[in-house]
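Engineer: One file: run-v6.cif (mmCIF, C-alpha atoms (C1' of nucleotides)).
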```cif
data_query
#
loop_
_atom_site.label_atom_id
_atom_site.label_comp_id
_atom_site.auth_asym_id
_atom_site.auth_seq_id
_atom_site.Cartn_x
_atom_site.Cartn_y
_atom_site.Cartn_z
CA MET A 1 -8.96 -33.91 9.57
CA LYS A 2 -8.88 -34.27 5.81
CA ILE A 3 -9.87 -37.56 4.23
CA VAL A 4 -8.78 -36.82 0.69
CA SER A 5 -5.96 -34.57 -0.46
CA SER A 6 -7.00 -31.60 -2.53
CA LYS A 7 -5.92 -31.55 -6.15
CA SER A 8 -3.29 -28.90 -5.48
CA GLU A 9 -1.81 -30.90 -2.63
CA GLN A 10 -1.44 -33.91 -4.89
CA THR A 11 0.21 -31.69 -7.46
CA ASN A 12 2.53 -30.15 -4.90
CA ALA A 13 3.56 -33.54 -3.59
CA GLU A 14 4.15 -34.75 -7.12
CA MET A 15 6.17 -31.69 -7.98
CA ALA A 16 8.34 -32.21 -4.94
CA ALA A 17 8.83 -35.87 -5.83
CA LEU A 18 9.69 -34.93 -9.40
CA LYS A 19 12.24 -32.43 -8.19
CA ALA A 20 13.74 -35.06 -5.90
CA ALA A 21 13.90 -37.67 -8.65
CA ARG A 22 15.47 -35.23 -11.06
CA ASP A 23 18.04 -34.15 -8.46
CA GLU A 24 18.89 -37.79 -7.87
CA PHE A 25 19.29 -38.41 -11.57
CA VAL A 26 21.42 -35.29 -12.04
CA SER A 27 23.65 -36.20 -9.17
CA GLN A 28 24.12 -39.83 -10.20
CA TRP A 29 24.64 -38.95 -13.83
CA GLY A 30 27.29 -36.49 -12.75
CA ALA A 31 29.10 -39.19 -10.81
CA LEU A 32 28.93 -41.57 -13.75
CA GLY A 33 30.22 -38.86 -16.05
CA SER A 34 33.46 -38.68 -14.10
CA GLN A 35 34.07 -42.35 -14.85
CA TRP A 36 33.98 -41.52 -18.52
CA GLY A 37 36.35 -38.70 -19.31
CA ILE A 38 33.57 -36.16 -18.66
CA ASN A 39 33.62 -33.62 -15.89
CA ARG A 40 30.98 -33.79 -13.25
CA THR A 41 29.41 -30.40 -13.81
CA MET A 42 29.17 -30.91 -17.54
CA ALA A 43 27.39 -34.22 -17.02
CA GLN A 44 25.08 -32.65 -14.46
CA ILE A 45 24.12 -29.78 -16.72
CA HIS A 46 23.46 -32.24 -19.50
CA ALA A 47 21.34 -34.43 -17.22
CA LEU A 48 19.37 -31.44 -16.00
CA LEU A 49 18.71 -30.06 -19.45
CA MET A 50 17.69 -33.47 -20.75
CA THR A 51 15.01 -33.87 -18.10
CA VAL A 52 13.50 -30.43 -18.05
CA ASP A 53 10.68 -29.34 -20.32
CA GLN A 54 11.71 -25.73 -20.77
CA PRO A 55 14.99 -24.21 -21.93
CA MET A 56 17.06 -22.73 -19.10
CA THR A 57 19.33 -19.74 -18.67
CA THR A 58 22.79 -19.65 -17.14
CA ASP A 59 21.21 -18.22 -14.00
CA ASP A 60 18.79 -21.14 -13.80
CA LEU A 61 21.69 -23.57 -14.00
CA MET A 62 23.64 -21.66 -11.36
CA GLU A 63 20.69 -21.79 -9.02
CA GLN A 64 19.62 -25.39 -9.59
CA LEU A 65 23.12 -26.87 -9.43
CA GLU A 66 24.57 -24.34 -6.97
CA ILE A 67 27.54 -23.51 -9.15
CA SER A 68 29.28 -20.31 -10.16
CA ARG A 69 28.59 -18.33 -13.29
CA GLY A 70 31.96 -19.11 -14.80
CA ASN A 71 31.53 -22.81 -14.23
CA ALA A 72 28.01 -22.86 -15.66
CA HIS A 73 29.12 -20.81 -18.63
CA SER A 74 32.14 -22.84 -19.63
CA ASN A 75 30.44 -26.18 -19.28
CA VAL A 76 27.44 -25.08 -21.29
CA LYS A 77 29.81 -23.94 -24.01
CA GLU A 78 31.57 -27.28 -23.90
CA LEU A 79 28.23 -29.08 -24.29
CA ILE A 80 27.46 -26.83 -27.24
CA ALA A 81 30.85 -27.70 -28.75
CA TRP A 82 29.91 -31.37 -28.42
CA GLY A 83 26.62 -30.65 -30.16
CA LEU A 84 24.56 -31.92 -27.24
CA VAL A 85 23.09 -28.56 -26.28
CA ARG A 86 21.90 -25.63 -28.37
CA THR A 87 20.93 -22.06 -27.66
CA VAL A 88 17.34 -21.06 -28.08
CA VAL A 89 16.05 -17.57 -28.64
CA ILE A 90 12.94 -16.70 -26.70
CA ARG A 91 11.08 -13.76 -28.17
CA GLY A 92 11.12 -10.69 -26.00
CA GLU A 93 13.89 -12.13 -23.83
CA ARG A 94 17.41 -10.81 -23.83
CA LYS A 95 19.03 -13.70 -22.00
CA GLU A 96 20.21 -16.79 -23.81
CA TYR A 97 18.31 -19.99 -23.16
CA PHE A 98 19.75 -23.48 -23.54
CA GLU A 99 18.14 -26.77 -24.35
CA ALA A 100 19.52 -30.28 -24.75
CA GLU A 101 18.90 -32.71 -27.55
CA LYS A 102 16.44 -35.20 -26.07
CA ASP A 103 16.31 -37.95 -28.65
CA VAL A 104 18.59 -40.68 -27.38
CA TRP A 105 19.54 -41.98 -30.82
CA GLU A 106 20.46 -38.49 -31.87
CA ILE A 107 22.55 -38.17 -28.70
CA ALA A 108 24.22 -41.50 -29.48
CA ARG A 109 25.04 -40.39 -33.00
CA THR A 110 26.52 -37.13 -31.75
CA VAL A 111 28.62 -38.83 -29.10
CA ALA A 112 29.84 -41.41 -31.63
CA ARG A 113 30.86 -38.69 -34.06
CA GLU A 114 32.65 -36.61 -31.45
CA ARG A 115 34.43 -39.46 -29.73
CA LYS A 116 35.62 -40.70 -33.08
CA ARG A 117 37.02 -37.30 -33.87
CA ARG A 118 38.57 -36.71 -30.45
CA GLU A 119 39.77 -40.17 -29.50
CA ILE A 120 39.77 -42.71 -32.27
CA GLU A 121 41.40 -40.59 -34.94
CA PRO A 122 44.37 -39.46 -32.85
CA ALA A 123 44.92 -43.06 -31.77
CA LEU A 124 44.86 -44.20 -35.38
CA GLY A 125 47.44 -41.56 -36.21
CA VAL A 126 49.85 -42.87 -33.60
CA LEU A 127 49.32 -46.48 -34.61
CA ARG A 128 49.79 -45.87 -38.33
CA GLU A 129 53.01 -44.03 -37.64
CA CYS A 130 54.28 -46.96 -35.59
CA VAL A 131 53.23 -49.47 -38.26
CA GLU A 132 55.08 -47.50 -40.94
CA LYS A 133 58.22 -46.99 -38.94
CA SER A 134 58.51 -50.66 -38.04
CA ARG A 135 57.64 -52.08 -41.45
CA GLU A 136 61.18 -52.96 -42.53
CA TRP A 137 62.68 -54.04 -39.25
CA ASP A 138 64.32 -57.43 -38.99
CA SER A 139 64.85 -58.58 -35.42
CA ALA A 140 62.30 -60.89 -33.83
CA GLU A 141 61.42 -58.32 -31.21
CA ALA A 142 60.92 -55.63 -33.82
CA LYS A 143 58.76 -57.93 -35.91
CA ALA A 144 56.62 -58.67 -32.87
CA PHE A 145 56.25 -54.95 -32.26
CA HIS A 146 55.21 -54.39 -35.86
CA LYS A 147 52.66 -57.17 -35.70
CA GLN A 148 51.15 -55.82 -32.51
CA MET A 149 50.90 -52.33 -33.96
CA ARG A 150 49.25 -53.76 -37.08
CA GLN A 151 46.70 -55.64 -35.03
CA LEU A 152 45.87 -52.63 -32.92
CA GLU A 153 45.63 -50.46 -36.01
CA GLU A 154 43.27 -52.92 -37.62
CA PHE A 155 41.10 -52.99 -34.53
CA VAL A 156 40.96 -49.23 -34.09
CA SER A 157 40.12 -48.88 -37.80
CA PHE A 158 37.23 -51.21 -37.19
CA ALA A 159 36.08 -49.09 -34.27
CA SER A 160 36.33 -46.05 -36.47
CA LYS A 161 34.08 -47.61 -39.07
CA VAL A 162 31.57 -48.63 -36.44
CA ALA A 163 31.52 -45.06 -35.20
CA ASP A 164 30.85 -43.88 -38.76
CA GLN A 165 28.01 -46.34 -39.10
CA VAL A 166 26.44 -45.26 -35.85
CA SER A 167 26.82 -41.57 -36.57
CA SER A 168 25.20 -41.94 -39.98
CA MET A 169 22.34 -44.03 -38.62
CA LYS A 170 18.85 -42.91 -39.42
CA HIS A 171 16.57 -43.22 -36.45
CA GLY A 172 14.66 -46.03 -38.09
CA PHE A 173 17.82 -47.86 -39.00
CA ALA A 174 18.85 -47.95 -35.38
CA VAL A 175 15.99 -50.29 -34.62
CA GLN A 176 17.05 -52.50 -37.51
CA LEU A 177 20.61 -52.58 -36.31
CA ALA A 178 19.47 -53.45 -32.84
CA ALA A 179 17.45 -56.33 -34.23
CA LYS A 180 20.34 -57.53 -36.38
CA LEU A 181 22.80 -57.37 -33.54
CA LEU A 182 20.65 -58.87 -30.85
CA GLY A 183 18.02 -60.95 -32.57
CA MET B 1 85.65 -44.94 -43.89
CA LYS B 2 83.18 -47.80 -43.87
CA ILE B 3 81.10 -48.46 -46.94
CA VAL B 4 78.67 -50.95 -45.46
CA SER B 5 77.47 -51.15 -41.90
CA SER B 6 78.32 -54.30 -40.04
CA LYS B 7 75.48 -56.59 -39.07
CA SER B 8 75.74 -55.61 -35.41
CA GLU B 9 75.57 -51.91 -36.25
CA GLN B 10 72.41 -52.46 -38.23
CA THR B 11 70.98 -54.33 -35.31
CA ASN B 12 71.99 -51.64 -32.85
CA ALA B 13 70.43 -48.94 -34.96
CA GLU B 14 67.26 -50.98 -35.30
CA MET B 15 67.13 -51.62 -31.59
CA ALA B 16 67.45 -47.92 -30.88
CA ALA B 17 64.71 -47.15 -33.41
CA LEU B 18 62.49 -49.80 -31.85
CA LYS B 19 63.02 -48.35 -28.42
CA ALA B 20 62.17 -44.89 -29.75
CA ALA B 21 59.01 -46.10 -31.49
CA ARG B 22 57.88 -47.98 -28.41
CA ASP B 23 58.51 -44.95 -26.21
CA GLU B 24 56.49 -42.84 -28.58
CA PHE B 25 53.65 -45.34 -28.54
CA VAL B 26 53.73 -45.61 -24.74
CA SER B 27 53.71 -41.88 -24.30
CA GLN B 28 50.91 -41.25 -26.80
CA TRP B 29 48.83 -44.11 -25.51
CA GLY B 30 49.18 -42.69 -22.03
CA ALA B 31 47.92 -39.32 -23.20
CA LEU B 32 44.98 -40.96 -24.96
CA GLY B 33 44.18 -42.98 -21.88
CA SER B 34 43.56 -39.81 -19.90
CA GLN B 35 40.83 -38.89 -22.37
CA TRP B 36 39.06 -42.08 -21.46
CA GLY B 37 38.65 -42.33 -17.72
CA ILE B 38 42.01 -44.12 -17.48
CA ASN B 39 45.02 -42.77 -15.66
CA ARG B 40 48.13 -42.04 -17.60
CA THR B 41 50.47 -44.43 -15.85
CA MET B 42 48.06 -47.31 -16.13
CA ALA B 43 47.69 -46.73 -19.86
CA GLN B 44 51.45 -46.48 -20.24
CA ILE B 45 52.12 -49.71 -18.40
CA HIS B 46 49.51 -51.40 -20.52
CA ALA B 47 51.04 -49.99 -23.71
CA LEU B 48 54.50 -51.08 -22.66
CA LEU B 49 53.49 -54.60 -21.71
CA MET B 50 51.52 -55.00 -24.92
CA THR B 51 54.53 -54.19 -27.07
CA VAL B 52 57.22 -56.10 -25.31
CA ASP B 53 58.07 -59.71 -26.00
CA GLN B 54 59.07 -60.72 -22.49
CA PRO B 55 57.19 -60.40 -19.19
CA MET B 56 58.47 -57.59 -16.98
CA THR B 57 58.96 -57.05 -13.25
CA THR B 58 57.91 -54.07 -11.19
CA ASP B 59 61.52 -52.91 -11.28
CA ASP B 60 61.56 -53.05 -15.07
CA LEU B 61 58.45 -50.90 -15.20
CA MET B 62 59.92 -48.45 -12.70
CA GLU B 63 63.04 -48.11 -14.79
CA GLN B 64 61.46 -47.93 -18.24
CA LEU B 65 58.71 -45.49 -17.27
CA GLU B 66 60.67 -43.62 -14.60
CA ILE B 67 58.02 -44.03 -11.95
CA SER B 68 58.05 -44.98 -8.28
CA ARG B 69 57.54 -48.46 -6.93
CA GLY B 70 54.20 -47.60 -5.36
CA ASN B 71 52.91 -46.15 -8.58
CA ALA B 72 54.06 -49.11 -10.66
CA HIS B 73 52.64 -51.53 -8.14
CA SER B 74 49.18 -50.06 -7.80
CA ASN B 75 48.68 -49.58 -11.50
CA VAL B 76 49.78 -53.11 -12.32
CA LYS B 77 47.29 -54.36 -9.75
CA GLU B 78 44.59 -52.24 -11.32
CA LEU B 79 45.38 -53.71 -14.74
CA ILE B 80 45.19 -57.16 -13.23
CA ALA B 81 41.81 -56.27 -11.70
CA TRP B 82 40.65 -55.30 -15.20
CA GLY B 83 41.92 -58.61 -16.50
CA LEU B 84 44.26 -56.99 -19.01
CA VAL B 85 47.46 -58.14 -17.34
CA ARG B 86 48.40 -61.37 -15.59
CA THR B 87 51.26 -62.47 -13.43
CA VAL B 88 53.66 -65.02 -14.79
CA VAL B 89 55.90 -67.29 -12.81
CA ILE B 90 59.38 -67.70 -14.18
CA ARG B 91 61.13 -70.80 -12.92
CA GLY B 92 64.02 -70.10 -10.62
CA GLU B 93 62.97 -66.45 -10.21
CA ARG B 94 61.58 -65.04 -7.03
CA LYS B 95 60.24 -61.80 -8.47
CA GLU B 96 56.81 -61.58 -10.03
CA TYR B 97 56.68 -61.03 -13.74
CA PHE B 98 53.77 -59.42 -15.58
CA GLU B 99 52.52 -59.81 -19.10
CA ALA B 100 49.65 -58.23 -20.98
CA GLU B 101 47.02 -59.93 -23.06
CA LYS B 102 48.08 -59.21 -26.64
CA ASP B 103 45.15 -60.42 -28.70
CA VAL B 104 43.15 -57.32 -29.56
CA TRP B 105 39.81 -59.10 -29.73
CA GLU B 106 40.44 -60.59 -26.34
CA ILE B 107 41.29 -57.11 -25.06
CA ALA B 108 38.10 -55.76 -26.60
CA ARG B 109 36.04 -58.47 -24.94
CA THR B 110 37.61 -57.79 -21.57
CA VAL B 111 37.10 -54.05 -21.82
CA ALA B 112 33.49 -54.55 -22.92
CA ARG B 113 32.80 -56.83 -19.97
CA GLU B 114 34.44 -54.54 -17.42
CA ARG B 115 32.96 -51.31 -18.70
CA LYS B 116 29.56 -52.92 -18.69
CA ARG B 117 30.00 -53.93 -15.10
CA ARG B 118 31.50 -50.65 -13.93
CA GLU B 119 29.58 -48.11 -15.98
CA ILE B 120 26.55 -49.44 -17.78
CA GLU B 121 25.06 -51.41 -14.91
CA PRO B 122 25.17 -48.59 -12.36
CA ALA B 123 23.65 -46.25 -14.93
CA LEU B 124 20.86 -48.74 -15.59
CA GLY B 125 20.19 -48.93 -11.87
CA VAL B 126 19.69 -45.18 -11.60
CA LEU B 127 17.52 -45.05 -14.68
CA ARG B 128 15.27 -47.92 -13.62
CA GLU B 129 14.73 -46.32 -10.27
CA CYS B 130 13.73 -43.08 -11.94
CA VAL B 131 11.40 -44.88 -14.34
CA GLU B 132 9.68 -46.68 -11.47
CA LYS B 133 9.31 -43.63 -9.28
CA SER B 134 7.79 -41.55 -12.05
CA ARG B 135 5.44 -44.21 -13.44
CA GLU B 136 2.23 -42.90 -11.89
CA TRP B 137 2.81 -39.19 -12.03
CA ASP B 138 0.22 -36.97 -13.71
CA SER B 139 1.50 -33.52 -14.55
CA ALA B 140 2.77 -32.85 -18.06
CA GLU B 141 6.25 -32.12 -16.77
CA ALA B 142 6.36 -35.34 -14.77
CA LYS B 143 5.14 -37.33 -17.77
CA ALA B 144 7.89 -35.81 -19.89
CA PHE B 145 10.43 -36.77 -17.25
CA HIS B 146 9.12 -40.32 -17.17
CA LYS B 147 9.26 -40.60 -20.95
CA GLN B 148 12.83 -39.33 -21.06
CA MET B 149 13.92 -41.77 -18.36
CA ARG B 150 12.23 -44.61 -20.25
CA GLN B 151 14.01 -43.70 -23.47
CA LEU B 152 17.37 -43.48 -21.76
CA GLU B 153 16.74 -46.74 -19.97
CA GLU B 154 15.88 -48.43 -23.25
CA PHE B 155 19.02 -47.13 -24.86
CA VAL B 156 21.33 -48.10 -22.04
CA SER B 157 19.74 -51.57 -21.99
CA PHE B 158 20.61 -51.82 -25.65
CA ALA B 159 24.19 -50.83 -24.91
CA SER B 160 24.27 -53.44 -22.20
CA LYS B 161 23.20 -56.13 -24.63
CA VAL B 162 25.76 -55.04 -27.17
CA ALA B 163 28.42 -55.29 -24.48
CA ASP B 164 27.24 -58.82 -23.69
CA GLN B 165 27.45 -59.74 -27.36
CA VAL B 166 30.94 -58.37 -27.70
CA SER B 167 32.19 -59.97 -24.52
CA SER B 168 30.86 -63.36 -25.56
CA MET B 169 32.31 -63.06 -29.05
CA LYS B 170 34.45 -65.89 -30.26
CA HIS B 171 37.48 -64.66 -32.08
CA GLY B 172 36.19 -66.01 -35.36
CA PHE B 173 32.79 -64.50 -34.84
CA ALA B 174 34.33 -61.08 -34.51
CA VAL B 175 35.34 -61.15 -38.14
CA GLN B 176 31.81 -62.15 -39.11
CA LEU B 177 30.36 -59.34 -37.05
CA ALA B 178 32.73 -56.90 -38.64
CA ALA B 179 31.64 -58.04 -42.09
CA LYS B 180 27.96 -57.87 -41.16
CA LEU B 181 28.28 -54.42 -39.69
CA LEU B 182 30.45 -52.89 -42.33
CA GLY B 183 29.91 -54.88 -45.49
"C1'" DC C 1 26.18 7.28 -28.46
"C1'" DA C 2 25.51 5.77 -23.64
"C1'" DC C 3 23.81 2.74 -20.37
"C1'" DG C 4 22.28 -1.35 -18.26
"C1'" DA C 5 22.04 -6.19 -19.12
"C1'" DT C 6 24.41 -10.12 -20.25
"C1'" DT C 7 28.26 -12.91 -21.63
"C1'" DT C 8 33.00 -14.03 -21.51
"C1'" DT C 9 37.52 -14.30 -19.69
"C1'" DC C 10 40.93 -15.44 -16.48
"C1'" DA C 11 43.95 -15.00 -12.16
"C1'" DT C 12 43.33 -17.14 -8.09
"C1'" DT C 13 41.58 -20.67 -4.97
"C1'" DT C 14 39.82 -25.07 -4.07
"C1'" DT C 15 39.36 -29.75 -4.74
"C1'" DA C 16 40.53 -34.17 -6.64
"C1'" DT C 17 43.84 -37.19 -8.39
"C1'" DT C 18 48.12 -39.15 -8.89
"C1'" DC C 19 52.68 -40.10 -7.31
"C1'" DT C 20 56.44 -40.80 -4.09
"C1'" DG C 21 59.18 -43.14 -0.91
"C1'" DA C 22 59.89 -45.25 3.10
"C1'" DA C 23 57.98 -48.34 6.57
"C1'" DA C 24 55.41 -52.49 7.37
"C1'" DA C 25 54.02 -56.90 5.95
"C1'" DT C 26 54.76 -60.99 3.58
"C1'" DT C 27 57.28 -64.59 1.45
"C1'" DA C 28 60.53 -68.10 0.73
"C1'" DA C 29 65.16 -69.74 1.05
"C1'" DA C 30 68.95 -70.83 4.19
"C1'" DT D 1 63.96 -69.51 13.12
"C1'" DT D 2 66.55 -65.95 10.96
"C1'" DT D 3 67.47 -63.35 7.13
"C1'" DA D 4 67.11 -61.15 2.92
"C1'" DA D 5 64.21 -60.40 -0.97
"C1'" DT D 6 60.04 -58.82 -2.48
"C1'" DT D 7 55.42 -56.97 -2.22
"C1'" DT D 8 52.11 -54.03 -0.19
"C1'" DT D 9 50.42 -50.09 2.12
"C1'" DC D 10 49.76 -45.40 3.03
"C1'" DA D 11 50.77 -40.59 4.87
"C1'" DG D 12 52.25 -36.75 2.81
"C1'" DA D 13 53.90 -34.16 -1.44
"C1'" DA D 14 53.23 -32.89 -6.05
"C1'" DT D 15 50.42 -32.21 -9.89
"C1'" DA D 16 46.42 -31.62 -12.50
"C1'" DA D 17 41.66 -30.36 -13.02
"C1'" DA D 18 37.74 -27.84 -11.86
"C1'" DA D 19 35.45 -23.96 -9.75
"C1'" DT D 20 35.05 -19.27 -8.16
"C1'" DG D 21 34.07 -14.52 -8.66
"C1'" DA D 22 35.01 -10.26 -10.15
"C1'" DA D 23 36.63 -7.47 -14.00
"C1'" DA D 24 36.44 -6.80 -18.87
"C1'" DA D 25 34.16 -7.27 -23.12
"C1'" DT D 26 30.10 -7.48 -25.74
"C1'" DC D 27 25.46 -6.72 -26.86
"C1'" DG D 28 21.16 -4.52 -27.70
"C1'" DT D 29 17.95 -0.80 -26.70
"C1'" DG D 30 16.46 3.80 -25.83
#
```
Show how you would write the structure in this file as structure tokens.
Structural biologist:
Amino acid sequence: MKIVSSKSEQTNAEMAALKAARDEFVSQWGALGSQWGINRTMAQIHALLMTVDQPMTTDDLMEQLEISRGNAHSNVKELIAWGLVRTVVIRGERKEYFEAEKDVWEIARTVARERKRREIEPALGVLRECVEKSREWDSAEAKAFHKQMRQLEEFVSFASKVADQVSSMKHGFAVQLAAKLLG
Amino acid sequence: MKIVSSKSEQTNAEMAALKAARDEFVSQWGALGSQWGINRTMAQIHALLMTVDQPMTTDDLMEQLEISRGNAHSNVKELIAWGLVRTVVIRGERKEYFEAEKDVWEIARTVARERKRREIEPALGVLRECVEKSREWDSAEAKAFHKQMRQLEEFVSFASKVADQVSSMKHGFAVQLAAKLLG
DNA sequence: CACGATTTTCATTTTATTCTGAAAATTAAA
DNA sequence: TTTAATTTTCAGAATAAAATGAAAATCGTG
């Protein structure tokens, strides 16, 4: 009967625990992703790539997440389109490898930029159109509509500017902002 | 042949234009909602109630949006659960009437509070668990995992605090914040 | 060029979400 | 209490979104 575990047993146990923790994180992050407008697989791939120390291939993703090639492929491409994942060339290797941006402030900046482009700007478009159209209307109901559109437009403009601020943040400035906002 | 429109014709034309603009807003807002994690009908009901000057019944919603009773009902209830819509009692009326919060800063505060509760807090839970579990691990890969979880945890904590700030914002303070952030 | 490796596409299937509509439950007036 | 109005529920239908897997396209090397 062993009194002390050998070094390799410790390591094996730790590796297993790491794998388990990572799986848990990947799975939970995937579930949370759905709550945002993000599909589960995309969130899972992102979670996996963020917590792994080496770039991975499509085949690695397929194996680890038990998903098809097509699914892995299209979601990786989507993550690349977001700017959250990039391809990496490994010398002597023919396959493409992928790695995620790991710096959280950089991730935040990227997400701010993309969500502004994909969500805030279209919303602003709609609101501005409505504000214009209703500018000259006379009835009380129409005036109320105009006012509401103006208020929403003002607010979404504000959000847009915040997104700009965040996406232009230097890493150091983030800390400052945090202090300013919360101190 | 008429040279000048009568007052009532002007009004009719304006009413029609208002209806068209509102429909456009409702439809676009619904489409945008999907991009967030919000279902189309819920976003449409919210858009409609925000831009209307009188509270509406379930039947009004059914008619205006051409949706079933069940659909109208469950999405109104969901909006009430979010705190974005409230019921209104109209004297002498048996039906329930609904109205939306119209103040955009109030809406922002509500959304900040709810999204914190529904999205940020569960995420924090997962991250903290991962940070704890991986605290004592030794291998390089495990240390990298721990570090990444710590960074994410720190960031999401920050987001949580921002959400608190926003949701405790007085209306007047919002303007100040805006100035501070953007000035 | 030709061949094997790899990536990309996409028609089909599967799964998840949303919606309907009618029945059941509740409510309040008679 | 009875009745009619109104709200709520929920099984099933419809729709939308995501995933599969195999074929086609592309790539890079000998």
Engineer: Check what the PyMOL selection byres ((chain D) within 9 of (chain B)) selects in the file above and give those residues as a PyMOL selection string.
Structural biologist: chain D and resi 5-9
Engineer: Taking only C-alpha atoms into account, report as a ChimeraX atom specification which residues of chain B lie within 6 Å of chain A.
Structural biologist: /B:35-37,51,145
Engineer: Could you make a table, as JSON lines, of the residues of chain C that have an atom within 9 Å of an atom of chain A, each with its nearest atom pair and distance in Å to one decimal, counting only C-alpha atoms (C1' of nucleotides), in chain and number order?
Structural biologist:
```
{"residue": "C:DA5", "atom": "C1'", "partner": "A:Arg94", "partner_atom": "CA", "distance": 8.1}
{"residue": "C:DT6", "atom": "C1'", "partner": "A:Lys95", "partner_atom": "CA", "distance": 6.7}
{"residue": "C:DT7", "atom": "C1'", "partner": "A:His73", "partner_atom": "CA", "distance": 8.5}
{"residue": "C:DT8", "atom": "C1'", "partner": "A:His73", "partner_atom": "CA", "distance": 8.3}
{"residue": "C:DT9", "atom": "C1'", "partner": "A:Gly70", "partner_atom": "CA", "distance": 8.8}
```
Engineer: Give me the result of the PyMOL selection byres ((chain C and resi 10-16) around 12) on this file, residue by residue, as a ChimeraX atom specification.
Structural biologist: /A:34,39-40,70,74 /C:8-9,17-18 /D:15-24
Engineer: For the residues in the current selection, export C-alpha atoms (C1' of nucleotides) as a JSON list (two decimals), in the coordinates of the input.
Structural biologist:
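Okay, part03.json is ready:
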```
[["chain", "number", "residue", "atom", "x", "y", "z"],
["A", 34, "SER", "CA", 33.46, -38.68, -14.10],
["A", 39, "ASN", "CA", 33.62, -33.62, -15.89],
["A", 40, "ARG", "CA", 30.98, -33.79, -13.25],
["A", 70, "GLY", "CA", 31.96, -19.11, -14.80],
["A", 74, "SER", "CA", 32.14, -22.84, -19.63],
["C", 8, "DT", "C1'", 33.00, -14.03, -21.51],
["C", 9, "DT", "C1'", 37.52, -14.30, -19.69],
["C", 17, "DT", "C1'", 43.84, -37.19, -8.39],
["C", 18, "DT", "C1'", 48.12, -39.15, -8.89],
["D", 15, "DT", "C1'", 50.42, -32.21, -9.89],
["D", 16, "DA", "C1'", 46.42, -31.62, -12.50],
["D", 17, "DA", "C1'", 41.66, -30.36, -13.02],
["D", 18, "DA", "C1'", 37.74, -27.84, -11.86],
["D", 19, "DA", "C1'", 35.45, -23.96, -9.75],
["D", 20, "DT", "C1'", 35.05, -19.27, -8.16],
["D", 21, "DG", "C1'", 34.07, -14.52, -8.66],
["D", 22, "DA", "C1'", 35.01, -10.26, -10.15],
["D", 23, "DA", "C1'", 36.63, -7.47, -14.00],
["D", 24, "DA", "C1'", 36.44, -6.80, -18.87]]
```
Engineer: Could you work out how far CA of Thr57 (chain A) lies from C1' of DG30 (chain D), giving the answer in Å with one decimal?
Structural biologist: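 Rounded to one decimal, the two atoms are 24.8 Å apart.
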Engineer: What separation in Å, quoted to one decimal, exists between CA of Thr87 (chain A) and CA of Glu99 (chain A)?
Structural biologist: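 That distance, rounded to one decimal, is 6.4 Å.
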Engineer: Could you check how far CA of Arg113 (chain A) sits from CA of Met169 (chain B), in Å to one decimal?
Structural biologist: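 That distance, rounded to one decimal, is 24.9 Å.
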Engineer: For the file shown, report as a ChimeraX atom specification the outcome of the PyMOL selection byres ((chain D and resi 13) around 10) at residue level.
Structural biologist: /C:19-20 /D:11-12,14-15
Engineer: Report as a ChimeraX atom specification all protein, DNA and RNA residues lying within 10 Å of Gly83 (chain A), evaluated on all atoms listed in the file, omitting residues in the same chain fewer than 2 positions from it.
Structural biologist: /A:77-81,85-86,100-101,107,110-111,113-114
